[in-house]
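S.K.: Input coords.cif, format and content: mmCIF, C-alpha atoms and all ligand atoms.
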data_coords
#
loop_
_atom_site.group_PDB
_atom_site.id
_atom_site.type_symbol
_atom_site.label_atom_id
_atom_site.label_comp_id
_atom_site.auth_asym_id
_atom_site.auth_seq_id
_atom_site.Cartn_x
_atom_site.Cartn_y
_atom_site.Cartn_z
ATOM 1 C CA MET A 271 -17.407 -146.257 -75.328
ATOM 2 C CA GLN A 272 -14.342 -145.121 -77.322
ATOM 3 C CA LYS A 273 -12.906 -146.768 -80.426
ATOM 4 C CA THR A 274 -9.259 -147.817 -80.285
ATOM 5 C CA ASP A 275 -6.832 -147.526 -83.248
ATOM 6 C CA ASP A 276 -7.660 -151.031 -84.467
ATOM 7 C CA GLY A 277 -11.366 -150.229 -84.459
ATOM 8 C CA GLN A 278 -12.129 -152.216 -81.300
ATOM 9 C CA HIS A 279 -14.349 -150.730 -78.633
ATOM 10 C CA ALA A 280 -12.632 -149.915 -75.401
ATOM 11 C CA HIS A 281 -14.051 -148.660 -72.140
ATOM 12 C CA LYS A 282 -13.201 -145.056 -71.463
ATOM 13 C CA LYS A 283 -10.802 -144.708 -68.560
ATOM 14 C CA PRO A 284 -12.605 -143.321 -65.513
ATOM 15 C CA PRO A 285 -11.348 -139.957 -64.226
ATOM 16 C CA VAL A 286 -8.679 -139.969 -61.554
ATOM 17 C CA LEU A 287 -11.205 -138.185 -59.326
ATOM 18 C CA GLU A 288 -14.952 -137.961 -59.507
ATOM 19 C CA VAL A 289 -17.264 -136.335 -57.019
ATOM 20 C CA ARG A 290 -20.956 -137.145 -57.314
ATOM 21 C CA ASP A 291 -23.700 -135.162 -55.645
ATOM 22 C CA LEU A 292 -21.762 -134.426 -52.468
ATOM 23 C CA VAL A 293 -23.717 -132.826 -49.653
ATOM 24 C CA LYS A 294 -22.189 -131.519 -46.428
ATOM 25 C CA ASN A 295 -24.144 -129.574 -43.846
ATOM 26 C CA PHE A 296 -22.765 -127.723 -40.854
ATOM 27 C CA GLY A 297 -25.844 -127.286 -38.677
ATOM 28 C CA GLY A 298 -28.235 -125.250 -40.813
ATOM 29 C CA LEU A 299 -25.543 -124.285 -43.310
ATOM 30 C CA ARG A 300 -25.213 -126.326 -46.501
ATOM 31 C CA ALA A 301 -21.516 -126.019 -47.417
ATOM 32 C CA LEU A 302 -21.728 -128.580 -50.261
ATOM 33 C CA ASN A 303 -24.951 -128.672 -52.183
ATOM 34 C CA ARG A 304 -24.998 -131.715 -54.479
ATOM 35 C CA CYS A 305 -21.566 -130.882 -55.772
ATOM 36 C CA SER A 306 -20.416 -132.931 -58.777
ATOM 37 C CA LEU A 307 -17.193 -132.666 -60.732
ATOM 38 C CA LYS A 308 -14.491 -134.708 -62.450
ATOM 39 C CA VAL A 309 -10.739 -134.316 -62.619
ATOM 40 C CA ALA A 310 -9.068 -135.894 -65.655
ATOM 41 C CA GLU A 311 -5.707 -137.602 -65.294
ATOM 42 C CA GLY A 312 -2.668 -135.493 -66.179
ATOM 43 C CA THR A 313 -4.375 -132.121 -65.778
ATOM 44 C CA ILE A 314 -3.699 -129.171 -63.533
ATOM 45 C CA THR A 315 -7.301 -128.366 -62.708
ATOM 46 C CA GLY A 316 -8.059 -125.064 -60.999
ATOM 47 C CA LEU A 317 -10.826 -124.738 -58.422
ATOM 48 C CA ILE A 318 -11.934 -121.161 -57.886
ATOM 49 C CA GLY A 319 -14.935 -119.401 -56.395
ATOM 50 C CA PRO A 320 -15.800 -116.701 -53.886
ATOM 51 C CA ASN A 321 -15.053 -117.058 -50.174
ATOM 52 C CA GLY A 322 -17.363 -119.569 -48.545
ATOM 53 C CA ALA A 323 -18.192 -121.336 -51.847
ATOM 54 C CA GLY A 324 -17.253 -124.681 -50.289
ATOM 55 C CA LYS A 325 -13.848 -125.329 -51.876
ATOM 56 C CA THR A 326 -11.972 -126.332 -48.721
ATOM 57 C CA THR A 327 -14.967 -128.327 -47.506
ATOM 58 C CA LEU A 328 -14.836 -130.218 -50.795
ATOM 59 C CA PHE A 329 -11.129 -131.014 -50.212
ATOM 60 C CA ASN A 330 -11.976 -132.183 -46.695
ATOM 61 C CA ALA A 331 -14.729 -134.445 -48.001
ATOM 62 C CA ILE A 332 -12.527 -135.895 -50.765
ATOM 63 C CA THR A 333 -9.640 -136.646 -48.413
ATOM 64 C CA GLY A 334 -11.693 -138.211 -45.624
ATOM 65 C CA PHE A 335 -11.288 -135.366 -43.124
ATOM 66 C CA PHE A 336 -15.084 -134.892 -43.160
ATOM 67 C CA GLN A 337 -17.648 -137.546 -43.957
ATOM 68 C CA PRO A 338 -20.176 -136.077 -46.415
ATOM 69 C CA ASP A 339 -23.861 -136.354 -45.504
ATOM 70 C CA SER A 340 -24.510 -137.899 -48.902
ATOM 71 C CA GLY A 341 -22.909 -138.368 -52.295
ATOM 72 C CA ARG A 342 -19.841 -140.239 -53.429
ATOM 73 C CA VAL A 343 -16.150 -139.776 -54.065
ATOM 74 C CA LEU A 344 -14.480 -142.067 -56.604
ATOM 75 C CA THR A 345 -10.931 -142.524 -57.762
ATOM 76 C CA ASP A 346 -10.402 -144.456 -60.991
ATOM 77 C CA GLY A 347 -14.056 -145.409 -60.707
ATOM 78 C CA GLN A 348 -13.627 -146.929 -57.224
ATOM 79 C CA ASP A 349 -15.614 -145.668 -54.281
ATOM 80 C CA ILE A 350 -13.456 -144.090 -51.565
ATOM 81 C CA THR A 351 -16.210 -142.110 -49.836
ATOM 82 C CA SER A 352 -15.975 -143.771 -46.458
ATOM 83 C CA LEU A 353 -12.192 -144.088 -46.271
ATOM 84 C CA PRO A 354 -10.384 -142.279 -43.438
ATOM 85 C CA PRO A 355 -7.619 -139.787 -44.374
ATOM 86 C CA HIS A 356 -4.807 -142.374 -44.302
ATOM 87 C CA GLY A 357 -6.908 -144.688 -46.520
ATOM 88 C CA VAL A 358 -7.304 -141.922 -49.096
ATOM 89 C CA PHE A 359 -3.572 -141.159 -48.800
ATOM 90 C CA ASN A 360 -2.765 -144.819 -49.498
ATOM 91 C CA ARG A 361 -4.777 -144.532 -52.731
ATOM 92 C CA GLY A 362 -2.251 -141.937 -53.902
ATOM 93 C CA ILE A 363 -4.292 -138.828 -53.104
ATOM 94 C CA CYS A 364 -2.352 -136.253 -51.082
ATOM 95 C CA ARG A 365 -3.211 -132.762 -50.013
ATOM 96 C CA THR A 366 -1.748 -129.594 -48.625
ATOM 97 C CA PHE A 367 -3.520 -127.204 -46.297
ATOM 98 C CA GLN A 368 -4.346 -123.510 -46.605
ATOM 99 C CA ILE A 369 -2.281 -122.989 -43.461
ATOM 100 C CA PRO A 370 0.800 -125.217 -43.671
ATOM 101 C CA ARG A 371 0.851 -127.975 -41.066
ATOM 102 C CA GLU A 372 4.548 -128.522 -40.633
ATOM 103 C CA HIS A 373 5.966 -130.011 -37.432
ATOM 104 C CA GLY A 374 7.637 -126.816 -36.252
ATOM 105 C CA THR A 375 9.991 -128.351 -33.697
ATOM 106 C CA MET A 376 11.374 -130.913 -36.129
ATOM 107 C CA THR A 377 13.862 -130.200 -38.891
ATOM 108 C CA VAL A 378 12.831 -129.811 -42.518
ATOM 109 C CA LEU A 379 14.428 -133.173 -43.330
ATOM 110 C CA GLU A 380 12.649 -134.921 -40.435
ATOM 111 C CA ASN A 381 9.333 -133.473 -41.626
ATOM 112 C CA LEU A 382 9.832 -135.250 -44.944
ATOM 113 C CA MET A 383 11.059 -138.495 -43.438
ATOM 114 C CA LEU A 384 7.868 -138.699 -41.372
ATOM 115 C CA VAL A 385 5.619 -138.898 -44.407
ATOM 116 C CA VAL A 386 6.521 -142.316 -45.760
ATOM 117 C CA PRO A 387 3.901 -144.809 -44.618
ATOM 118 C CA ASP A 388 4.721 -148.185 -43.118
ATOM 119 C CA GLN A 389 8.257 -147.477 -41.937
ATOM 120 C CA ALA A 390 9.784 -150.598 -40.465
ATOM 121 C CA GLY A 391 11.254 -148.588 -37.571
ATOM 122 C CA GLU A 392 7.790 -147.774 -36.338
ATOM 123 C CA ARG A 393 7.195 -151.404 -35.440
ATOM 124 C CA PHE A 394 9.097 -151.905 -32.233
ATOM 125 C CA TRP A 395 9.839 -155.581 -32.834
ATOM 126 C CA ASN A 396 11.747 -154.613 -35.973
ATOM 127 C CA CYS A 397 13.998 -152.359 -33.897
ATOM 128 C CA TRP A 398 14.812 -155.320 -31.625
ATOM 129 C CA PHE A 399 15.031 -158.128 -34.111
ATOM 130 C CA ARG A 400 15.828 -156.550 -37.484
ATOM 131 C CA PRO A 401 17.879 -153.423 -36.808
ATOM 132 C CA GLU A 402 19.786 -153.707 -40.099
ATOM 133 C CA LEU A 403 16.461 -153.560 -42.034
ATOM 134 C CA VAL A 404 15.429 -150.467 -40.100
ATOM 135 C CA HIS A 405 18.769 -148.761 -40.787
ATOM 136 C CA ARG A 406 18.672 -149.573 -44.491
ATOM 137 C CA GLN A 407 15.111 -148.278 -44.842
ATOM 138 C CA GLU A 408 15.970 -145.136 -42.942
ATOM 139 C CA ARG A 409 18.943 -144.491 -45.218
ATOM 140 C CA GLU A 410 16.773 -144.967 -48.311
ATOM 141 C CA ILE A 411 14.102 -142.635 -46.966
ATOM 142 C CA ARG A 412 16.739 -140.037 -46.066
ATOM 143 C CA ASP A 413 18.207 -140.204 -49.610
ATOM 144 C CA ARG A 414 14.758 -139.793 -51.081
ATOM 145 C CA ALA A 415 13.980 -136.886 -48.787
ATOM 146 C CA MET A 416 17.231 -135.171 -49.852
ATOM 147 C CA GLU A 417 16.299 -135.665 -53.512
ATOM 148 C CA VAL A 418 12.880 -134.111 -52.929
ATOM 149 C CA LEU A 419 14.448 -131.206 -51.009
ATOM 150 C CA ASP A 420 16.819 -130.614 -53.897
ATOM 151 C CA PHE A 421 13.848 -130.553 -56.276
ATOM 152 C CA VAL A 422 12.077 -127.813 -54.290
ATOM 153 C CA ASN A 423 15.367 -125.940 -53.641
ATOM 154 C CA LEU A 424 15.288 -126.370 -49.880
ATOM 155 C CA THR A 425 18.475 -128.440 -49.491
ATOM 156 C CA HIS A 426 20.247 -125.605 -47.685
ATOM 157 C CA LEU A 427 17.495 -125.674 -45.048
ATOM 158 C CA ALA A 428 17.461 -129.455 -44.441
ATOM 159 C CA ASP A 429 18.618 -129.089 -40.809
ATOM 160 C CA GLU A 430 16.614 -125.954 -40.041
ATOM 161 C CA LEU A 431 13.597 -126.243 -37.733
ATOM 162 C CA ALA A 432 10.503 -126.211 -39.941
ATOM 163 C CA GLY A 433 8.852 -123.653 -37.659
ATOM 164 C CA ARG A 434 11.537 -121.121 -38.620
ATOM 165 C CA LEU A 435 10.849 -121.192 -42.387
ATOM 166 C CA SER A 436 9.188 -118.263 -44.169
ATOM 167 C CA GLY A 437 5.583 -118.625 -45.341
ATOM 168 C CA GLY A 438 6.708 -119.362 -48.905
ATOM 169 C CA GLN A 439 9.284 -121.911 -47.815
ATOM 170 C CA LYS A 440 6.607 -123.674 -45.743
ATOM 171 C CA LYS A 441 4.469 -123.967 -48.885
ATOM 172 C CA LEU A 442 7.389 -125.574 -50.702
ATOM 173 C CA LEU A 443 7.830 -127.923 -47.748
ATOM 174 C CA GLU A 444 4.130 -128.845 -48.012
ATOM 175 C CA LEU A 445 4.586 -129.699 -51.683
ATOM 176 C CA ALA A 446 7.724 -131.672 -50.803
ATOM 177 C CA ARG A 447 5.796 -133.646 -48.177
ATOM 178 C CA THR A 448 3.199 -134.690 -50.750
ATOM 179 C CA LEU A 449 5.992 -135.765 -53.129
ATOM 180 C CA MET A 450 7.474 -138.097 -50.509
ATOM 181 C CA ALA A 451 4.273 -140.092 -50.833
ATOM 182 C CA GLU A 452 4.684 -140.539 -54.609
ATOM 183 C CA PRO A 453 1.123 -139.369 -55.237
ATOM 184 C CA ARG A 454 -1.079 -139.719 -58.314
ATOM 185 C CA LEU A 455 -3.264 -136.766 -57.413
ATOM 186 C CA VAL A 456 -2.257 -133.744 -55.345
ATOM 187 C CA LEU A 457 -4.821 -131.356 -53.911
ATOM 188 C CA LEU A 458 -3.290 -127.952 -53.199
ATOM 189 C CA ASP A 459 -5.185 -125.486 -51.018
ATOM 190 C CA GLU A 460 -4.111 -121.946 -51.933
ATOM 191 C CA PRO A 461 -0.468 -122.672 -52.759
ATOM 192 C CA ALA A 462 0.202 -119.012 -53.651
ATOM 193 C CA ALA A 463 -1.167 -117.403 -50.491
ATOM 194 C CA GLY A 464 1.578 -115.559 -48.615
ATOM 195 C CA VAL A 465 4.254 -116.621 -51.096
ATOM 196 C CA ASN A 466 6.589 -114.077 -52.695
ATOM 197 C CA ARG A 467 6.918 -113.807 -56.484
ATOM 198 C CA THR A 468 10.218 -115.697 -56.740
ATOM 199 C CA LEU A 469 9.060 -118.662 -54.671
ATOM 200 C CA MET A 470 5.725 -118.616 -56.481
ATOM 201 C CA LYS A 471 7.471 -118.910 -59.827
ATOM 202 C CA ARG A 472 9.447 -121.876 -58.531
ATOM 203 C CA LEU A 473 6.351 -123.513 -57.075
ATOM 204 C CA SER A 474 4.430 -123.229 -60.352
ATOM 205 C CA GLU A 475 7.415 -124.478 -62.384
ATOM 206 C CA ASN A 476 7.632 -127.465 -60.051
ATOM 207 C CA ILE A 477 3.940 -128.212 -60.471
ATOM 208 C CA GLU A 478 4.218 -128.038 -64.265
ATOM 209 C CA TYR A 479 7.310 -130.244 -64.248
ATOM 210 C CA LEU A 480 5.637 -132.870 -62.035
ATOM 211 C CA ARG A 481 2.631 -133.018 -64.307
ATOM 212 C CA ARG A 482 4.712 -133.257 -67.473
ATOM 213 C CA GLU A 483 7.474 -135.594 -66.320
ATOM 214 C CA ARG A 484 5.783 -137.665 -63.636
ATOM 215 C CA GLY A 485 2.190 -137.571 -64.826
ATOM 216 C CA ILE A 486 0.948 -136.294 -61.465
ATOM 217 C CA THR A 487 -2.529 -134.744 -61.591
ATOM 218 C CA PHE A 488 -3.221 -131.553 -59.629
ATOM 219 C CA LEU A 489 -6.403 -129.994 -58.330
ATOM 220 C CA LEU A 490 -5.721 -126.612 -56.828
ATOM 221 C CA ILE A 491 -7.756 -124.030 -55.002
ATOM 222 C CA GLU A 492 -6.395 -120.589 -55.713
ATOM 223 C CA HIS A 493 -7.463 -116.966 -55.388
ATOM 224 C CA ASP A 494 -4.507 -115.598 -57.381
ATOM 225 C CA MET A 495 -6.163 -115.336 -60.792
ATOM 226 C CA ASP A 496 -2.911 -114.658 -62.649
ATOM 227 C CA LEU A 497 -1.582 -117.956 -61.436
ATOM 228 C CA VAL A 498 -4.813 -119.823 -62.233
ATOM 229 C CA MET A 499 -4.923 -118.390 -65.768
ATOM 230 C CA ARG A 500 -1.294 -119.299 -66.397
ATOM 231 C CA LEU A 501 -1.167 -122.728 -64.804
ATOM 232 C CA CYS A 502 -4.611 -124.350 -64.869
ATOM 233 C CA ASP A 503 -6.693 -125.929 -67.583
ATOM 234 C CA PRO A 504 -9.524 -126.593 -67.060
ATOM 235 C CA VAL A 505 -10.804 -124.242 -64.395
ATOM 236 C CA ILE A 506 -13.827 -125.221 -62.319
ATOM 237 C CA VAL A 507 -15.844 -122.475 -60.662
ATOM 238 C CA MET A 508 -17.692 -123.229 -57.445
ATOM 239 C CA SER A 509 -20.437 -121.118 -55.980
ATOM 240 C CA GLU A 510 -22.801 -121.813 -53.096
ATOM 241 C CA GLY A 511 -21.596 -125.359 -52.572
ATOM 242 C CA ARG A 512 -21.730 -126.601 -56.142
ATOM 243 C CA ARG A 513 -20.033 -126.430 -59.510
ATOM 244 C CA LEU A 514 -21.162 -123.339 -61.368
ATOM 245 C CA MET A 515 -19.188 -123.900 -64.562
ATOM 246 C CA GLU A 516 -16.037 -125.400 -66.015
ATOM 247 C CA GLY A 517 -13.930 -124.391 -68.998
ATOM 248 C CA HIS A 518 -10.646 -123.149 -70.348
ATOM 249 C CA PRO A 519 -9.247 -120.236 -68.342
ATOM 250 C CA GLU A 520 -10.290 -117.701 -71.001
ATOM 251 C CA GLU A 521 -13.868 -118.995 -71.113
ATOM 252 C CA VAL A 522 -14.150 -118.802 -67.360
ATOM 253 C CA ARG A 523 -12.646 -115.338 -67.189
ATOM 254 C CA ASN A 524 -15.206 -113.994 -69.672
ATOM 255 C CA ASP A 525 -18.277 -115.736 -68.303
ATOM 256 C CA PRO A 526 -20.807 -113.259 -66.845
ATOM 257 C CA HIS A 527 -22.159 -115.862 -64.387
ATOM 258 C CA VAL A 528 -18.714 -116.181 -62.837
ATOM 259 C CA LEU A 529 -18.395 -112.442 -62.365
ATOM 260 C CA GLU A 530 -21.865 -112.372 -60.877
ATOM 261 C CA ALA A 531 -20.988 -115.161 -58.423
ATOM 262 C CA TYR A 532 -17.974 -113.195 -57.231
ATOM 263 C CA LEU A 533 -19.835 -109.911 -56.986
ATOM 264 C CA GLY A 534 -22.703 -111.651 -55.211
ATOM 265 C CA GLY A 535 -20.172 -112.837 -52.693
ATOM 266 C CA GLN A 536 -18.900 -109.226 -52.443
ATOM 267 C CA TYR A 537 -15.380 -110.255 -53.442
ATOM 268 C CA GLY A 538 -13.553 -109.426 -56.643
ATOM 269 C CA ALA A 539 -12.235 -112.249 -58.795
ATOM 270 C CA ALA A 540 -8.783 -110.736 -59.148
HETATM 271 N N1 LIG A 601 -15.958 -126.916 -39.636
HETATM 272 C C1 LIG A 601 -16.918 -126.057 -39.989
HETATM 273 N N2 LIG A 601 -17.944 -125.794 -39.155
HETATM 274 C C2 LIG A 601 -18.929 -124.945 -39.512
HETATM 275 N N3 LIG A 601 -18.986 -124.309 -40.708
HETATM 276 C C3 LIG A 601 -17.989 -124.528 -41.568
HETATM 277 C C4 LIG A 601 -16.909 -125.405 -41.267
HETATM 278 N N4 LIG A 601 -16.071 -125.436 -42.338
HETATM 279 C C5 LIG A 601 -16.609 -124.609 -43.247
HETATM 280 N N5 LIG A 601 -17.760 -124.061 -42.794
HETATM 281 C C6 LIG A 601 -18.628 -123.140 -43.533
HETATM 282 O O1 LIG A 601 -18.907 -123.751 -44.786
HETATM 283 C C7 LIG A 601 -18.913 -122.768 -45.837
HETATM 284 C C8 LIG A 601 -17.909 -123.160 -46.894
HETATM 285 O O2 LIG A 601 -16.606 -122.954 -46.347
HETATM 286 P P1 LIG A 601 -15.269 -123.331 -47.112
HETATM 287 O O3 LIG A 601 -14.140 -123.038 -46.170
HETATM 288 O O4 LIG A 601 -15.370 -124.689 -47.643
HETATM 289 O O5 LIG A 601 -15.290 -122.277 -48.300
HETATM 290 P P2 LIG A 601 -14.121 -121.881 -49.296
HETATM 291 O O6 LIG A 601 -14.711 -121.822 -50.646
HETATM 292 O O7 LIG A 601 -12.947 -122.774 -49.071
HETATM 293 O O8 LIG A 601 -13.770 -120.404 -48.799
HETATM 294 P P3 LIG A 601 -12.375 -119.614 -48.785
HETATM 295 O O9 LIG A 601 -12.073 -119.274 -50.202
HETATM 296 O O10 LIG A 601 -12.672 -118.413 -47.961
HETATM 297 O O11 LIG A 601 -11.355 -120.509 -48.144
HETATM 298 C C9 LIG A 601 -18.606 -121.427 -45.166
HETATM 299 O O12 LIG A 601 -19.834 -120.769 -44.938
HETATM 300 C C10 LIG A 601 -17.946 -121.807 -43.873
HETATM 301 O O13 LIG A 601 -18.165 -120.845 -42.872
#
Take the structure from the file and write it as structure tokens.
M.R.:
Amino acid sequence: MQKTDDGQHAHKKPPVLEVRDLVKNFGGLRALNRCSLKVAEGTITGLIGPNGAGKTTLFNAITGFFQPDSGRVLTDGQDITSLPPHGVFNRGICRTFQIPREHGTMTVLENLMLVVPDQAGERFWNCWFRPELVHRQEREIRDRAMEVLDFVNLTHLADELAGRLSGGQKKLLELARTLMAEPRLVLLDEPAAGVNRTLMKRLSENIEYLRRERGITFLLIEHDMDLVMRLCDPVIVMSEGRRLMEGHPEEVRNDPHVLEAYLGGQYGAA
């Protein structure tokens, strides 16, 4: 228990995300091996580790894409382990994928407008009986989508088919899609992969801005160590399905166990 300014005891706020003893097996392979970690509100937490350490599997277990074999996932102290992906999304936890999942035959703007849950237009009786409500909501969603596009500098591509964007632009679109949902926690899977330096700079500035100005918390998997060292604090290192260590970027960089984990996995950390 923490003491408040007036000397009263107050309960410590639970972390925005907590993973307790998660286990996930794929046949004989244990991808998550009693993995436990916490993500504090308002941080940009980095998640690094050699290939196959279980990072993406952890994201899948947190966001309801895989059910873990055991263990728990909590947000603000509440159990969300058995929620399906849309249930986790409705709790304000959004994610992007290593390989962007845009709808290639729809425009950039339409991709964003799709994200908002519970659109009145989706219920067919609203279209028949309350068309003015549907139109108003659609206008509001469109305005919001244009604002988000402006934020990620994709306004000039609003009417372009999403499938025609460059790799870096698709990553920005992924971030934009999460922002449409007004998330509390965003999980980013390798945001820098395949992104050129200029777009990468913009992406990391956007992430920093969203944390500072909107209080959004980020957990991001990344192999680009320059980016992790610049953007993330703390950094959590995963190895063989569990948390190996956690610390400030400098601590992690200089920890011999981390180097060993990477060399053991035959991949360099940089
Ligand atoms: N759907 C699946 N079916 C079978 N095995 C899987 C599946 N998903 C992941 N694995 C295995 O689980 C282990 C952890 O994989 P995961 O993708 O989570 O690692 P990672 O740390 O994200 O790696 P990378 O940095 O290469 O993306 C790997 O051995 C992988 O082959």
S.K.: Do you know which residues the PyMOL selection byres (((chain A and resi 517-525) around 12) and not hetatm) returns on this file, as a PyMOL selection string?
M.R.: chain A and resi 313-319+495-508+513-516+526-532+539-540
S.K.: Please identify the residues whose atoms come within 6 Å of ligand LIG 601 (chain A), using all atoms listed in the file, and report them as a PyMOL selection string.
M.R.: chain A and resi 296+301+320-327
S.K.: Tell me which residues the PyMOL selection byres (((chain A and resi 363) around 9) and not hetatm) grabs here, as a PyMOL selection string.
M.R.: chain A and resi 333+345+358-362+364-365+448+451+453-457
S.K.: Applied to the shown file, which residues does the PyMOL selection byres (((chain A and resi 355) around 6) and not hetatm) return, written as a PyMOL selection string?
M.R.: chain A and resi 333-335+354+356-358
S.K.: Please, what is the axis-aligned box for every listed atom of region 464-468 of chain A with 5 Å on each side, as centre and edge lengths in Å to one decimal, as lines of an AutoDock Vina configuration file?
M.R.:
center_x = 5.9
center_y = -115.2
center_z = -52.7
size_x = 18.6
size_y = 12.8
size_z = 18.1
S.K.: Show which residues sit within 9 Å of Ala415 (chain A), as number ranges by chain. Count all atoms listed in the file, and ignore same-chain residues fewer than 3 positions away.
M.R.: A: 379-380, 382-383, 410-412, 418-420, 446-447, 450
